[in-house]
>>> print(open('target_14.cif').read())   # mmCIF, C-alpha atoms (C1' of nucleotides)
data_upload
#
loop_
_atom_site.label_atom_id
_atom_site.label_comp_id
_atom_site.auth_asym_id
_atom_site.auth_seq_id
_atom_site.Cartn_x
_atom_site.Cartn_y
_atom_site.Cartn_z
CA MET V 201 46.20 146.89 -17.96
CA ILE V 202 45.36 146.51 -14.35
CA ALA V 203 43.13 149.17 -12.85
CA ASP V 204 43.95 150.88 -9.54
CA MET V 205 47.54 149.83 -10.08
CA ASP V 206 48.83 150.86 -6.72
CA GLN V 207 46.57 148.92 -4.44
CA GLU V 208 46.23 146.02 -6.86
CA MET V 209 49.96 145.85 -7.30
CA LYS V 210 50.56 145.76 -3.58
CA ILE V 211 48.30 142.78 -3.24
CA LEU V 212 49.80 141.04 -6.26
CA SER V 213 53.32 141.80 -5.10
CA ARG V 214 52.81 140.28 -1.72
CA GLU V 215 50.90 137.34 -3.07
CA ILE V 216 53.16 136.42 -5.97
CA LEU V 217 55.62 138.92 -7.45
CA LEU V 218 57.96 139.00 -4.49
CA SER V 219 58.83 135.37 -5.06
CA LEU V 220 59.70 136.09 -8.67
CA TRP V 221 62.05 138.78 -7.48
CA LYS V 222 63.62 136.33 -5.08
CA ILE V 223 64.45 134.11 -8.03
CA HIS V 224 65.82 137.15 -9.81
CA ILE V 225 68.01 137.91 -6.82
CA LEU V 226 69.42 134.39 -6.74
CA HIS V 227 70.11 134.54 -10.44
CA HIS V 228 71.73 137.91 -10.06
CA ALA V 229 73.90 136.67 -7.19
CA GLY V 230 75.19 133.99 -9.51
CA GLU V 231 76.51 136.57 -11.91
CA GLY V 232 77.98 139.16 -9.57
CA PRO V 233 77.69 140.55 -6.08
CA VAL V 234 74.27 141.50 -4.81
CA VAL V 235 73.96 144.44 -2.44
CA GLY V 236 70.71 145.22 -0.64
CA MET V 237 70.46 148.86 -1.49
CA TRP V 238 71.46 148.31 -5.09
CA MET V 239 68.65 145.80 -5.41
CA LEU V 240 66.17 148.20 -3.88
CA LYS V 241 67.13 150.74 -6.51
CA GLU V 242 67.10 148.28 -9.35
CA LEU V 243 63.66 147.04 -8.46
CA ARG V 244 62.40 150.57 -8.01
CA GLY V 245 63.65 151.21 -11.51
CA HIS V 246 61.42 148.38 -12.66
CA GLY V 247 58.45 150.02 -10.98
CA TYR V 248 58.46 147.75 -7.99
CA ASP V 249 59.21 149.31 -4.67
CA LEU V 250 60.18 146.78 -2.12
CA SER V 251 60.50 147.75 1.51
CA PRO V 252 63.93 147.47 3.13
CA GLY V 253 62.13 145.74 5.95
CA THR V 254 61.31 143.02 3.48
CA LEU V 255 64.53 142.82 1.52
CA TYR V 256 67.16 142.77 4.22
CA PRO V 257 65.64 140.00 6.31
CA LEU V 258 65.13 138.09 3.08
CA LEU V 259 68.82 138.26 2.23
CA GLN V 260 69.73 137.24 5.76
CA ARG V 261 67.37 134.30 5.49
CA MET V 262 68.90 133.20 2.21
CA GLU V 263 72.31 133.32 3.81
CA ARG V 264 71.04 131.34 6.79
CA ASN V 265 69.67 128.76 4.35
CA GLY V 266 73.08 128.48 2.77
CA TRP V 267 71.98 129.83 -0.59
CA LEU V 268 74.06 132.97 -0.31
CA ARG V 269 77.20 133.96 1.53
CA SER V 270 78.11 137.51 2.38
CA GLU V 271 81.28 139.52 2.54
CA ALA V 272 81.59 142.74 4.50
CA ASP V 273 84.61 144.85 5.36
CA PRO V 274 84.74 144.54 9.15
CA SER V 275 86.79 147.72 9.50
CA ARG V 276 83.76 149.63 8.33
CA GLY V 277 81.59 148.92 11.31
CA PRO V 278 78.42 146.94 11.81
CA ARG V 279 76.56 148.62 8.98
CA SER V 280 79.14 148.19 6.30
CA ILE V 281 78.01 147.37 2.80
CA LYS V 282 77.48 143.62 2.43
CA LYS V 283 78.05 141.79 -0.81
CA TYR V 284 76.15 138.59 -1.29
CA TYR V 285 77.28 135.74 -3.55
CA LEU V 286 75.58 132.54 -4.64
CA THR V 287 76.92 129.41 -2.94
CA PRO V 288 77.11 125.96 -4.54
CA LYS V 289 73.98 125.01 -2.66
CA GLY V 290 72.35 128.18 -3.89
CA ARG V 291 73.28 127.16 -7.39
CA GLU V 292 71.47 123.86 -6.93
CA VAL V 293 68.42 125.68 -5.68
CA LEU V 294 68.57 128.06 -8.61
CA GLU V 295 68.89 125.21 -11.08
CA PHE V 296 65.88 123.53 -9.51
CA LEU V 297 63.92 126.77 -9.76
CA ARG V 298 64.99 127.18 -13.35
CA GLU V 299 63.28 123.90 -14.19
CA ARG V 300 60.15 124.98 -12.38
CA VAL V 301 60.03 128.29 -14.18
CA LYS V 302 60.61 126.53 -17.48
CA THR V 303 57.72 124.17 -16.85
CA LEU V 304 55.47 127.00 -15.81
CA TRP V 305 56.42 129.09 -18.80
CA GLU V 306 55.80 126.24 -21.24
CA GLU V 307 52.50 125.56 -19.59
CA MET V 308 51.44 129.20 -19.95
CA GLY V 309 52.84 129.35 -23.48
CA MET S 146 70.18 117.16 -6.36
CA ILE S 147 69.32 118.93 -3.18
CA ALA S 148 70.37 117.20 0.00
CA ASP S 149 67.97 116.70 2.93
CA MET S 150 65.16 117.13 0.45
CA ASP S 151 62.34 117.26 2.94
CA GLN S 152 63.51 120.07 5.14
CA GLU S 153 65.11 121.96 2.28
CA MET S 154 61.99 121.61 0.21
CA LYS S 155 59.81 122.95 2.99
CA ILE S 156 61.92 126.05 3.21
CA LEU S 157 62.05 126.48 -0.54
CA SER S 158 58.33 125.88 -0.87
CA ARG S 159 57.41 128.50 1.61
CA GLU S 160 59.95 130.95 0.31
CA ILE S 161 59.29 130.60 -3.40
CA LEU S 162 57.52 127.55 -4.82
CA LEU S 163 54.11 128.31 -3.38
CA SER S 164 53.90 131.44 -5.48
CA LEU S 165 54.68 129.47 -8.62
CA TRP S 166 51.80 127.14 -7.76
CA LYS S 167 49.57 130.15 -7.28
CA ILE S 168 50.31 131.12 -10.85
CA HIS S 169 49.60 127.56 -11.89
CA ILE S 170 46.25 127.71 -10.11
CA LEU S 171 45.28 130.92 -11.88
CA HIS S 172 46.28 129.44 -15.21
CA HIS S 173 44.37 126.30 -14.43
CA ALA S 174 41.28 128.29 -13.46
CA GLY S 175 41.39 129.89 -16.88
CA GLU S 176 41.04 126.53 -18.55
CA GLY S 177 38.47 124.82 -16.37
CA PRO S 178 37.06 124.75 -12.88
CA VAL S 179 39.46 124.57 -9.98
CA VAL S 180 38.44 122.68 -6.87
CA GLY S 181 40.46 122.81 -3.68
CA MET S 182 40.74 119.15 -3.01
CA TRP S 183 41.50 118.34 -6.63
CA MET S 184 44.37 120.79 -6.50
CA LEU S 185 45.68 119.29 -3.30
CA LYS S 186 45.77 115.93 -5.02
CA GLU S 187 47.26 117.23 -8.22
CA LEU S 188 50.05 118.99 -6.40
CA ARG S 189 50.66 115.96 -4.24
CA GLY S 190 51.04 114.03 -7.48
CA HIS S 191 53.77 116.48 -8.40
CA GLY S 192 55.55 115.78 -5.13
CA TYR S 193 54.38 118.96 -3.48
CA ASP S 194 52.16 118.56 -0.51
CA LEU S 195 50.36 121.72 0.27
CA SER S 196 48.40 122.08 3.49
CA PRO S 197 44.64 122.59 3.22
CA GLY S 198 45.14 125.33 5.78
CA THR S 199 47.21 127.09 3.14
CA LEU S 200 45.19 126.32 0.04
CA TYR S 201 41.66 127.11 1.10
CA PRO S 202 42.35 130.54 2.53
CA LEU S 203 44.41 131.23 -0.57
CA LEU S 204 41.49 130.49 -2.86
CA GLN S 205 39.22 132.61 -0.71
CA ARG S 206 41.71 135.45 -0.90
CA MET S 207 41.88 135.20 -4.67
CA GLU S 208 38.14 135.38 -4.81
CA ARG S 209 38.12 138.37 -2.47
CA ASN S 210 40.65 140.03 -4.78
CA GLY S 211 38.35 139.48 -7.70
CA TRP S 212 40.68 137.13 -9.53
CA LEU S 213 38.43 134.11 -9.12
CA ARG S 214 34.72 133.59 -8.65
CA SER S 215 33.23 130.49 -7.13
CA GLU S 216 30.15 128.44 -7.74
CA ALA S 217 28.72 126.09 -5.16
CA ASP S 218 25.48 124.19 -5.09
CA PRO S 219 23.68 125.84 -2.15
CA SER S 220 21.42 122.86 -1.65
CA ARG S 221 24.47 120.90 -0.60
CA GLY S 222 25.16 122.86 2.53
CA PRO S 223 28.00 125.10 3.62
CA ARG S 224 30.70 122.59 2.75
CA SER S 225 29.62 121.82 -0.73
CA ILE S 226 32.26 121.44 -3.39
CA LYS S 227 33.21 124.86 -4.75
CA LYS S 228 34.30 125.38 -8.29
CA TYR S 229 36.49 128.39 -8.94
CA TYR S 230 36.74 130.16 -12.29
CA LEU S 231 39.00 132.91 -13.54
CA THR S 232 37.34 136.32 -13.80
CA PRO S 233 38.18 138.98 -16.40
CA LYS S 234 40.23 140.76 -13.79
CA GLY S 235 41.94 137.48 -12.99
CA ARG S 236 42.74 137.15 -16.67
CA GLU S 237 44.46 140.52 -16.62
CA VAL S 238 46.46 139.51 -13.60
CA LEU S 239 47.40 136.25 -15.27
CA GLU S 240 48.47 138.02 -18.43
CA PHE S 241 50.61 140.37 -16.40
CA LEU S 242 52.18 137.43 -14.60
CA ARG S 243 52.77 135.69 -17.90
CA GLU S 244 54.94 138.60 -19.00
CA ARG S 245 56.86 138.50 -15.76
CA VAL S 246 57.47 134.79 -16.03
CA LYS S 247 58.55 135.22 -19.63
CA THR S 248 61.06 137.89 -18.67
CA LEU S 249 62.37 135.80 -15.83
CA TRP S 250 62.69 132.73 -17.99
CA GLU S 251 64.53 134.59 -20.73
CA GLU S 252 66.82 136.09 -18.15
CA MET S 253 67.64 132.67 -16.73
CA GLY S 254 68.24 131.33 -20.21
"C1'" DG F 51 87.24 171.02 11.94
"C1'" DT F 52 82.53 170.68 12.81
"C1'" DT F 53 78.12 169.83 10.85
"C1'" DT F 54 75.27 167.92 7.05
"C1'" DT F 55 74.35 164.79 3.79
"C1'" DC F 56 74.72 160.32 1.79
"C1'" DG F 57 74.97 155.33 1.23
"C1'" DA F 58 73.87 151.52 3.48
"C1'" DT F 59 72.22 148.21 7.06
"C1'" DT F 60 69.44 147.12 11.18
"C1'" DA F 61 65.59 147.32 14.40
"C1'" DT F 62 60.67 147.73 15.57
"C1'" DG F 63 55.68 146.94 15.90
"C1'" DA F 64 51.58 145.99 13.51
"C1'" DT F 65 49.44 143.18 10.18
"C1'" DT F 66 49.04 139.26 7.29
"C1'" DG F 67 50.11 134.57 5.55
"C1'" DC F 68 51.42 129.78 6.22
"C1'" DC F 69 51.03 125.37 8.33
"C1'" DG F 70 49.56 121.16 10.78
"C1'" DA F 71 45.75 119.61 12.99
"C1'" DT F 72 41.07 119.39 13.97
"C1'" DA F 73 36.25 120.18 13.19
"C1'" DT F 74 32.26 120.15 10.27
"C1'" DG F 75 28.93 118.39 7.03
"C1'" DG F 76 26.60 116.08 3.27
"C1'" DA F 77 26.28 111.67 0.36
"C1'" DC F 78 26.57 106.98 -0.22
"C1'" DC F 79 26.56 102.44 1.41
"C1'" DA F 80 25.71 98.48 4.45
"C1'" DT H 19 22.46 104.19 12.59
"C1'" DG H 20 26.79 104.15 11.83
"C1'" DG H 21 30.89 104.39 9.00
"C1'" DT H 22 33.54 105.99 5.25
"C1'" DC H 23 34.33 109.25 1.60
"C1'" DC H 24 34.81 113.73 -0.34
"C1'" DA H 25 35.25 118.32 0.60
"C1'" DT H 26 35.58 122.79 2.93
"C1'" DA H 27 36.30 125.59 7.17
"C1'" DT H 28 38.73 127.03 11.17
"C1'" DC H 29 42.17 127.44 14.98
"C1'" DG H 30 46.53 128.70 17.36
"C1'" DG H 31 51.27 129.24 16.84
"C1'" DC H 32 54.82 130.79 14.24
"C1'" DA H 33 57.14 133.19 10.28
"C1'" DA H 34 57.16 136.76 6.66
"C1'" DT H 35 55.91 141.38 5.01
"C1'" DC H 36 55.51 146.17 5.41
"C1'" DA H 37 56.26 151.13 6.53
"C1'" DT H 38 59.02 153.62 9.27
"C1'" DA H 39 62.59 154.92 12.26
"C1'" DA H 40 67.21 154.31 14.15
"C1'" DT H 41 72.05 153.79 13.49
"C1'" DC H 42 76.56 154.24 11.62
"C1'" DG H 43 80.81 155.43 8.94
"C1'" DA H 44 82.51 158.29 5.18
"C1'" DA H 45 82.46 161.98 2.28
"C1'" DA H 46 81.07 166.64 1.27
"C1'" DA H 47 80.05 171.29 2.54
"C1'" DC H 48 80.62 175.04 5.02
#
>>> encode(input="target_14.cif", output="structure tokens")
Amino acid sequence: MIADMDQEMKILSREILLSLWKIHILHHAGEGPVVGMWMLKELRGHGYDLSPGTLYPLLQRMERNGWLRSEADPSRGPRSIKKYYLTPKGREVLEFLRERVKTLWEEMG
Amino acid sequence: MIADMDQEMKILSREILLSLWKIHILHHAGEGPVVGMWMLKELRGHGYDLSPGTLYPLLQRMERNGWLRSEADPSRGPRSIKKYYLTPKGREVLEFLRERVKTLWEEMG
DNA sequence: GTTTTCGATTATGATTGCCGATATGGACCA
DNA sequence: TGGTCCATATCGGCAATCATAATCGAAAAC
């Protein structure tokens, strides 16, 4: 395996893994609601601890790009739980990414 | 397909695609020498135009991380062509990434 | 019924990465 | 000697990442 996992993993995460998780998030949002904190926990469960300061802006950016839309109960204040869903445009992006991942995977075979 | 391809693609590239190309570069370096300019051309051939200001620092970073090592003919001055090769540590990283890509691909079915 | 804890998002400040453009430099040719 | 390739290096501005702290409503505990 990879030695000095912690420091190595941090470098690898920032350099590459985070983007794979972004794809995972899009995929996930296509199958059910995505909630920031739930994702943080899920990824932690997979041994990957993402900072909230990375994840939340990322979700906001994806919404701004039109890949996700969010629903929040406004009666629960400005920090209510927010559920993110994949938009049609997000689905196109995901389909495009799916092809890329397929190509990459076949190449690495 | 994706509308307003140029702007959309720039966003998508920065957000996600670049990391997939990084994996591609590592894989490539495992099969033969990688040279910055050659990569720029190859990727341009695939419709992805990466900035030299992105690629060259990226290769340097991968070398600094111990994933790649470079060979340059010193008699050809400081801007000689540099050939990058995958190191054993880089091979471990690549193998790790291969598993991640596999998982992601299977998940996306 | 007040105080604590919990689930969740948002804000902040430092560091790092990305990008377009420009600079540098050797080799080959005329 | 000058020009054109082939290549890498670097710069300044902007955007993303990170660890951490702040905020907020609801539920639990006392």
>>> closest_residue(input="target_14.cif", among="H:DC32, H:DA27, H:DG21, H:DA37", to="DC69 (chain F)", atoms="only C-alpha atoms (C1' of nucleotides)")
H:DC32
>>> residues_around(input="target_14.cif", residues="region 53-66 of chain F", least_positions_apart="6", cutoff="12 Å", atoms="only C-alpha atoms (C1' of nucleotides)", output="ChimeraX atom specification")
/V:211,214-215,235-241,252-257,259-260,272,276-283 /S:202,206 /H:33-48
>>> interface_residues(input="target_14.cif", of="chain F", to="chain S", cutoff="10 Å", atoms="only C-alpha atoms (C1' of nucleotides)", output="ChimeraX atom specification")
/F:67-71,74-77
>>> interface_residues(input="target_14.cif", of="chain H", to="chain S", cutoff="9 Å", atoms="only C-alpha atoms (C1' of nucleotides)", output="list of chain:residue names")
H:DC24, H:DA25, H:DT26, H:DA27, H:DT28
>>> atom_distance(input="target_14.cif", atom1="CA of His172 (chain S)", atom2="CA of Glu307 (chain V)")
8.5 Å
>>> resolve_selection(input="target_14.cif", expression="the PyMOL selection byres ((chain S) within 12 of (chain V))", output="number ranges by chain")
S: 146-150, 152-173, 175-176, 191, 203-204, 206-207, 209-212, 233-254
>>> atom_distance(input="target_14.cif", atom1="CA of Leu231 (chain S)", atom2="CA of Ala174 (chain S)")
5.2 Å
>>> closest_residue(input="target_14.cif", among="V:Ser270, V:Gly232, V:Tyr284, V:Asp206", to="Tyr248 (chain V)", atoms="all atoms listed in the file")
V:Asp206
>>> axis_aligned_box(input="target_14.cif", around="region 227-236 of chain V", padding_each_side="6 Å", output="lines of an AutoDock Vina configuration file")
center_x = 74.0
center_y = 139.6
center_z = -6.3
size_x = 19.9
size_y = 23.2
size_z = 23.3
>>> atom_distance(input="target_14.cif", atom1="CA of Thr232 (chain S)", atom2="CA of Glu208 (chain S)")
9.1 Å
>>> build_atoms(input="target_14.cif", residues="region 203-214 of chain S", atoms="all heavy atoms", output="PDB file, in the frame of the given file")
ATOM      1  N   LEU S 203      43.821 130.647   0.624  1.00  0.00           N
ATOM      2  CA  LEU S 203      44.410 131.230  -0.570  1.00  0.00           C
ATOM      3  C   LEU S 203      43.353 131.405  -1.665  1.00  0.00           C
ATOM      4  O   LEU S 203      43.260 132.467  -2.292  1.00  0.00           O
ATOM      5  CB  LEU S 203      45.502 130.255  -1.014  1.00  0.00           C
ATOM      6  CG  LEU S 203      46.510 130.550  -2.083  1.00  0.00           C
ATOM      7  CD1 LEU S 203      47.596 129.494  -1.968  1.00  0.00           C
ATOM      8  CD2 LEU S 203      45.902 130.487  -3.443  1.00  0.00           C
ATOM      9  N   LEU S 204      42.564 130.385  -1.867  1.00  0.00           N
ATOM     10  CA  LEU S 204      41.490 130.490  -2.860  1.00  0.00           C
ATOM     11  C   LEU S 204      40.481 131.555  -2.458  1.00  0.00           C
ATOM     12  O   LEU S 204      40.023 132.346  -3.296  1.00  0.00           O
ATOM     13  CB  LEU S 204      40.788 129.133  -3.020  1.00  0.00           C
ATOM     14  CG  LEU S 204      41.619 128.035  -3.696  1.00  0.00           C
ATOM     15  CD1 LEU S 204      40.913 126.684  -3.596  1.00  0.00           C
ATOM     16  CD2 LEU S 204      41.901 128.375  -5.158  1.00  0.00           C
ATOM     17  N   GLN S 205      40.158 131.587  -1.184  1.00  0.00           N
ATOM     18  CA  GLN S 205      39.220 132.610  -0.710  1.00  0.00           C
ATOM     19  C   GLN S 205      39.771 134.010  -0.939  1.00  0.00           C
ATOM     20  O   GLN S 205      39.049 134.939  -1.309  1.00  0.00           O
ATOM     21  CB  GLN S 205      38.934 132.399   0.787  1.00  0.00           C
ATOM     22  CG  GLN S 205      38.122 131.132   1.067  1.00  0.00           C
ATOM     23  CD  GLN S 205      38.150 130.715   2.527  1.00  0.00           C
ATOM     24  OE1 GLN S 205      38.773 131.376   3.361  1.00  0.00           O
ATOM     25  NE2 GLN S 205      37.496 129.611   2.851  1.00  0.00           N
ATOM     26  N   ARG S 206      41.068 134.152  -0.708  1.00  0.00           N
ATOM     27  CA  ARG S 206      41.710 135.450  -0.900  1.00  0.00           C
ATOM     28  C   ARG S 206      41.662 135.856  -2.368  1.00  0.00           C
ATOM     29  O   ARG S 206      41.386 137.013  -2.691  1.00  0.00           O
ATOM     30  CB  ARG S 206      43.157 135.365  -0.425  1.00  0.00           C
ATOM     31  CG  ARG S 206      43.648 136.574   0.270  1.00  0.00           C
ATOM     32  CD  ARG S 206      44.855 136.266   1.139  1.00  0.00           C
ATOM     33  NE  ARG S 206      45.915 135.538   0.503  1.00  0.00           N
ATOM     34  CZ  ARG S 206      46.378 134.354   0.914  1.00  0.00           C
ATOM     35  NH1 ARG S 206      45.862 133.743   1.957  1.00  0.00           N
ATOM     36  NH2 ARG S 206      47.365 133.772   0.280  1.00  0.00           N
ATOM     37  N   MET S 207      41.922 134.895  -3.239  1.00  0.00           N
ATOM     38  CA  MET S 207      41.880 135.200  -4.670  1.00  0.00           C
ATOM     39  C   MET S 207      40.481 135.591  -5.115  1.00  0.00           C
ATOM     40  O   MET S 207      40.315 136.431  -5.993  1.00  0.00           O
ATOM     41  CB  MET S 207      42.395 134.000  -5.483  1.00  0.00           C
ATOM     42  CG  MET S 207      43.906 133.815  -5.420  1.00  0.00           C
ATOM     43  SD  MET S 207      44.459 132.473  -6.503  1.00  0.00           S
ATOM     44  CE  MET S 207      46.263 132.652  -6.379  1.00  0.00           C
ATOM     45  N   GLU S 208      39.501 134.987  -4.482  1.00  0.00           N
ATOM     46  CA  GLU S 208      38.140 135.380  -4.810  1.00  0.00           C
ATOM     47  C   GLU S 208      37.863 136.795  -4.280  1.00  0.00           C
ATOM     48  O   GLU S 208      37.293 137.632  -4.985  1.00  0.00           O
ATOM     49  CB  GLU S 208      37.133 134.390  -4.211  1.00  0.00           C
ATOM     50  CG  GLU S 208      35.702 134.735  -4.597  1.00  0.00           C
ATOM     51  CD  GLU S 208      34.709 133.637  -4.221  1.00  0.00           C
ATOM     52  OE1 GLU S 208      34.972 132.909  -3.228  1.00  0.00           O
ATOM     53  OE2 GLU S 208      33.683 133.508  -4.915  1.00  0.00           O
ATOM     54  N   ARG S 209      38.311 137.054  -3.069  1.00  0.00           N
ATOM     55  CA  ARG S 209      38.120 138.370  -2.470  1.00  0.00           C
ATOM     56  C   ARG S 209      38.794 139.449  -3.320  1.00  0.00           C
ATOM     57  O   ARG S 209      38.304 140.566  -3.433  1.00  0.00           O
ATOM     58  CB  ARG S 209      38.732 138.361  -1.073  1.00  0.00           C
ATOM     59  CG  ARG S 209      38.172 139.377  -0.123  1.00  0.00           C
ATOM     60  CD  ARG S 209      38.833 139.264   1.245  1.00  0.00           C
ATOM     61  NE  ARG S 209      40.235 139.623   1.224  1.00  0.00           N
ATOM     62  CZ  ARG S 209      41.177 139.063   1.992  1.00  0.00           C
ATOM     63  NH1 ARG S 209      40.862 138.113   2.846  1.00  0.00           N
ATOM     64  NH2 ARG S 209      42.431 139.446   1.913  1.00  0.00           N
ATOM     65  N   ASN S 210      39.932 139.084  -3.930  1.00  0.00           N
ATOM     66  CA  ASN S 210      40.650 140.030  -4.780  1.00  0.00           C
ATOM     67  C   ASN S 210      40.010 140.192  -6.151  1.00  0.00           C
ATOM     68  O   ASN S 210      40.463 141.009  -6.952  1.00  0.00           O
ATOM     69  CB  ASN S 210      42.097 139.566  -4.993  1.00  0.00           C
ATOM     70  CG  ASN S 210      42.914 139.619  -3.719  1.00  0.00           C
ATOM     71  OD1 ASN S 210      42.562 140.329  -2.789  1.00  0.00           O
ATOM     72  ND2 ASN S 210      43.998 138.867  -3.682  1.00  0.00           N
ATOM     73  N   GLY S 211      39.026 139.368  -6.415  1.00  0.00           N
ATOM     74  CA  GLY S 211      38.350 139.480  -7.700  1.00  0.00           C
ATOM     75  C   GLY S 211      39.036 138.733  -8.825  1.00  0.00           C
ATOM     76  O   GLY S 211      38.698 138.929  -9.996  1.00  0.00           O
ATOM     77  N   TRP S 212      39.974 137.874  -8.482  1.00  0.00           N
ATOM     78  CA  TRP S 212      40.680 137.130  -9.530  1.00  0.00           C
ATOM     79  C   TRP S 212      39.916 135.858  -9.891  1.00  0.00           C
ATOM     80  O   TRP S 212      39.992 135.377 -11.013  1.00  0.00           O
ATOM     81  CB  TRP S 212      42.091 136.727  -9.072  1.00  0.00           C
ATOM     82  CG  TRP S 212      42.941 137.878  -8.639  1.00  0.00           C
ATOM     83  CD1 TRP S 212      42.693 139.211  -8.830  1.00  0.00           C
ATOM     84  CD2 TRP S 212      44.196 137.819  -7.952  1.00  0.00           C
ATOM     85  NE1 TRP S 212      43.702 139.966  -8.291  1.00  0.00           N
ATOM     86  CE2 TRP S 212      44.633 139.147  -7.763  1.00  0.00           C
ATOM     87  CE3 TRP S 212      45.001 136.765  -7.482  1.00  0.00           C
ATOM     88  CZ2 TRP S 212      45.840 139.443  -7.107  1.00  0.00           C
ATOM     89  CZ3 TRP S 212      46.184 137.059  -6.841  1.00  0.00           C
ATOM     90  CH2 TRP S 212      46.602 138.391  -6.657  1.00  0.00           C
ATOM     91  N   LEU S 213      39.223 135.319  -8.914  1.00  0.00           N
ATOM     92  CA  LEU S 213      38.430 134.110  -9.120  1.00  0.00           C
ATOM     93  C   LEU S 213      37.000 134.379  -8.660  1.00  0.00           C
ATOM     94  O   LEU S 213      36.768 135.255  -7.836  1.00  0.00           O
ATOM     95  CB  LEU S 213      39.003 132.942  -8.303  1.00  0.00           C
ATOM     96  CG  LEU S 213      40.433 132.494  -8.555  1.00  0.00           C
ATOM     97  CD1 LEU S 213      40.802 131.343  -7.617  1.00  0.00           C
ATOM     98  CD2 LEU S 213      40.626 132.062 -10.005  1.00  0.00           C
ATOM     99  N   ARG S 214      36.064 133.613  -9.218  1.00  0.00           N
ATOM    100  CA  ARG S 214      34.720 133.590  -8.650  1.00  0.00           C
ATOM    101  C   ARG S 214      34.388 132.127  -8.414  1.00  0.00           C
ATOM    102  O   ARG S 214      34.932 131.239  -9.073  1.00  0.00           O
ATOM    103  CB  ARG S 214      33.712 134.230  -9.595  1.00  0.00           C
ATOM    104  CG  ARG S 214      33.421 133.403 -10.824  1.00  0.00           C
ATOM    105  CD  ARG S 214      32.523 134.111 -11.850  1.00  0.00           C
ATOM    106  NE  ARG S 214      32.675 133.420 -13.141  1.00  0.00           N
ATOM    107  CZ  ARG S 214      32.095 132.264 -13.436  1.00  0.00           C
ATOM    108  NH1 ARG S 214      31.311 131.667 -12.564  1.00  0.00           N
ATOM    109  NH2 ARG S 214      32.292 131.690 -14.611  1.00  0.00           N
TER     110      ARG S 214
END
